[in-house]
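For reference, the structure discussed in these notes is given below.
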Amino acid sequence: MQSIISQLESIPSNYQPIPFWSWNDQLNDQELLRQIRWMYNQGIGGFFMHARGGLKTPYLSDEWMHAIEMCCNEAQNLGMHAWTYDENGWPSGFAGGKLLEDPENRDMYITYTTGQYDSSADVSYFLSADQLIRVNQAKYPGEHLNLYLRKSASTADILNPDVVKKFLQTTHEQYKEYFGTAFSSKVAGFFTDEPQYYRAATPYTPMVAQYFRDKYDADILDCLGLLFVEKEGYRTFRYRYWLAMQTLMLNSFAKQVYDWCCGNNIHLTGHYVEEPTLGGQMMCCAGVMAFYEYEHIPGIDWLGSETKNEVSPRQLNSAAQQLGKKQTLTETFGCCGWNISPADLKRIAGFQYACGVNMMCHHLLPYSEHGQRKRDYPAHFNPINPWIHEYFKDFNDYFSRLGYLLSNSEEP
């Protein structure tokens, strides 16, 4: 017992919380250093340098890289861990908008209409009583299903390995080039945030057509309409389609980014999206558990103050146990509001820790609260929040100790 108590008196920094440090204004050297020292004194073991709305320092510019290097050096001096966020915004993969300049890099999605045959559709089908019949003219009288392949304005096609390679070259490789041989000793790793194949509509990628040709010797356009109508063969097609989308995303994005981090001796953490429900996961990545293999510290997102969802932390814990990963992260407290109490914050985090999480990423520690920044999905954890002055270190120490115990324990 005494041995455990002595261990808990001084928790290593790699078990302490790593908050989202929102870089959301013009960055000043002295202010950055002051905030790091404040975090250190509050029992925080590191930080994610997170480009976010309101940022005035140009993203990935020389000025940006100087700020990153200075903060990495200060973290090293204090025994903290400096992580960088892999985007300017989210979801990860569009390189702060740079990749979207070329339409060929953009996500695609499918819309549809039913009614008369439409020659402007990308593919059309006659809807017989029990079959879907692909047509290229108004050959049959009756109802048709018309599909249209659209391009996204705001997200990149991370199911295309060439697009992900461009993402790595535009972001990760820039940090590596700037730091040179000191890269892995200065930067702990990257946080990837909400990668997805599409979210607001039915996703599509040219990669899935190639996948079907290679695996099934089939033209996907012959059956694509079965995503929207229940005709002969729709169950088999839908299973194959969503399995293909997940497989493409795993290999193109998750594995490629993970392999890059492993090859450069840094770590990868973060979370995917819509983890709380199996239906939400299907909409974005066809199930999150398969992706946890490709993170050194797999994680989830926890929005709001409800504590009814056991799906995401238990899936996370199950995958971590199977893969032998000691630490699991939660990006938590976003959307709880300014009026959330410390007791409620403890309840929210405690529920997740009881379900298998053991490391905390506070959402959000903003560099600035100027103007609209104070409305960025609070709660916010800085001195503008009154209880922070007296209790924040106690709060962090409690969850650092709890996380340390859980990380170094075995489930029966």
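Naming works like this for the structure tokens: A, B, ... for the chains as they're shown, residue 1 at the start of each chain, ligands 1 onward in shown order.
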
Near segment 373-391 of chain A, 9 Å: segment 255-348 of chain A residue rows, closest pairs, only C-alpha atoms, as CSV:
residue,atom,partner,partner_atom,distance
A:Phe333,CA,A:Ala379,CA,6.1
A:Gly334,CA,A:Tyr377,CA,5.5
A:Cys335,CA,A:Tyr377,CA,4.8
A:Cys336,CA,A:Ala379,CA,5.5
A:Gly337,CA,A:Pro378,CA,4.8
A:Trp338,CA,A:Ala379,CA,5.2
A:Asn339,CA,A:Ala379,CA,7.9
A:Ile340,CA,A:Ala379,CA,7.1
A:Ser341,CA,A:Trp387,CA,8.6
A:Pro342,CA,A:Trp387,CA,7.7

Spatial neighbours of segment 121-128 of chain A, max dist 6 Å, only C-alpha atoms, sep filter under 5 positions, as a list in words: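 Neighbouring residues, sequence-local ones excluded: Ile133, Arg134, Val135, Glu143, His144, Leu145, Asn146, Leu147 and Tyr148 of chain A.
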
Selection: 9 Å around Tyr404 of chain A, only C-alpha atoms, excl. self and same-chain fewer than 4 positions, as a list in words: Leu8, Ile11, Pro12, Tyr15, Gln16, Asn358, Met359, Phe399, Ser400, Asn408 and Ser409 of chain A

Secondary structure check, strand (DSSP E) residues of segment 170-323 of chain A, as a VMD selection string: chain A and resid 189 to 193 202 to 204 267 to 271 297 to 303

Can those selected residues be exported to a file as a CSV table (one decimal), in the first residue's frame so that it contains N, CA and C atoms?
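Once everything was written out, this is part-v8.csv:
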chain,number,residue,atom,x,y,z
A,189,GLY,N,4.1,14.1,-31.0
A,189,GLY,CA,3.3,13.4,-32.0
A,189,GLY,C,2.2,14.3,-32.5
A,190,PHE,N,1.3,13.7,-33.2
A,190,PHE,CA,0.2,14.4,-33.9
A,190,PHE,C,-1.1,14.0,-33.3
A,191,PHE,N,-2.1,14.9,-33.2
A,191,PHE,CA,-3.5,14.6,-32.9
A,191,PHE,C,-4.2,14.7,-34.3
A,192,THR,N,-4.9,13.6,-34.6
A,192,THR,CA,-5.7,13.6,-35.8
A,192,THR,C,-7.2,13.7,-35.4
A,193,ASP,N,-8.0,14.5,-36.0
A,193,ASP,CA,-9.3,14.9,-35.5
A,193,ASP,C,-10.4,14.6,-36.6
A,202,THR,N,-24.5,10.4,-48.6
A,202,THR,CA,-24.0,9.1,-48.9
A,202,THR,C,-22.6,9.3,-49.6
A,203,PRO,N,-21.6,8.7,-49.0
A,203,PRO,CA,-20.2,9.0,-49.6
A,203,PRO,C,-19.9,8.2,-50.8
A,204,TYR,N,-19.0,8.7,-51.6
A,204,TYR,CA,-18.5,8.0,-52.8
A,204,TYR,C,-17.0,8.4,-53.0
A,267,HIS,N,4.5,9.8,-32.1
A,267,HIS,CA,3.3,9.1,-31.8
A,267,HIS,C,2.1,9.7,-32.5
A,268,LEU,N,1.0,8.9,-32.6
A,268,LEU,CA,-0.3,9.4,-33.1
A,268,LEU,C,-1.4,9.1,-32.2
A,269,THR,N,-2.2,10.1,-31.9
A,269,THR,CA,-3.4,10.0,-31.1
A,269,THR,C,-4.5,10.8,-31.8
A,270,GLY,N,-5.7,10.8,-31.2
A,270,GLY,CA,-6.8,11.5,-31.8
A,270,GLY,C,-8.0,10.7,-31.7
A,271,HIS,N,-9.0,11.1,-32.5
A,271,HIS,CA,-10.3,10.3,-32.5
A,271,HIS,C,-11.0,10.4,-33.9
A,297,ILE,N,-2.0,6.1,-29.0
A,297,ILE,CA,-3.0,6.3,-28.0
A,297,ILE,C,-4.3,6.5,-28.6
A,298,PRO,N,-5.1,5.4,-28.7
A,298,PRO,CA,-6.5,5.6,-29.4
A,298,PRO,C,-7.4,6.5,-28.5
A,299,GLY,N,-8.3,7.2,-29.1
A,299,GLY,CA,-9.1,8.1,-28.4
A,299,GLY,C,-10.5,8.2,-28.9
A,300,ILE,N,-11.3,8.9,-28.1
A,300,ILE,CA,-12.7,9.2,-28.4
A,300,ILE,C,-13.0,10.7,-28.2
A,301,ASP,N,-14.1,11.1,-28.7
A,301,ASP,CA,-14.6,12.5,-28.4
A,301,ASP,C,-15.8,12.3,-27.5
A,302,TRP,N,-16.0,13.3,-26.5
A,302,TRP,CA,-17.2,13.2,-25.6
A,302,TRP,C,-17.7,14.6,-25.6
A,303,LEU,N,-18.9,14.8,-26.2
A,303,LEU,CA,-19.5,16.1,-26.3
A,303,LEU,C,-20.7,16.2,-25.4

Distance query Cys261 of chain A at most 12 Å, only C-alpha atoms, self and fewer than 3 positions along chain excluded, as a PyMOL selection string: chain A and resi 86+168+172-173+175-176+183-184+187-192+254-258+264-269+294-296

Counting only C-alpha atoms, the residue of A:Ser92, A:Met360, A:Glu101, A:Tyr367 that sits nearest Gly54 of chain A: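 The closest residue to Gly54 of chain A is A:Tyr367.
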
Best match for closeness to Gly115 of chain A among A:Lys326, A:Glu177, A:Pro141, A:Ser10, counting only C-alpha atoms: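 Distance minimum relative to Gly115 of chain A lands on A:Pro141.
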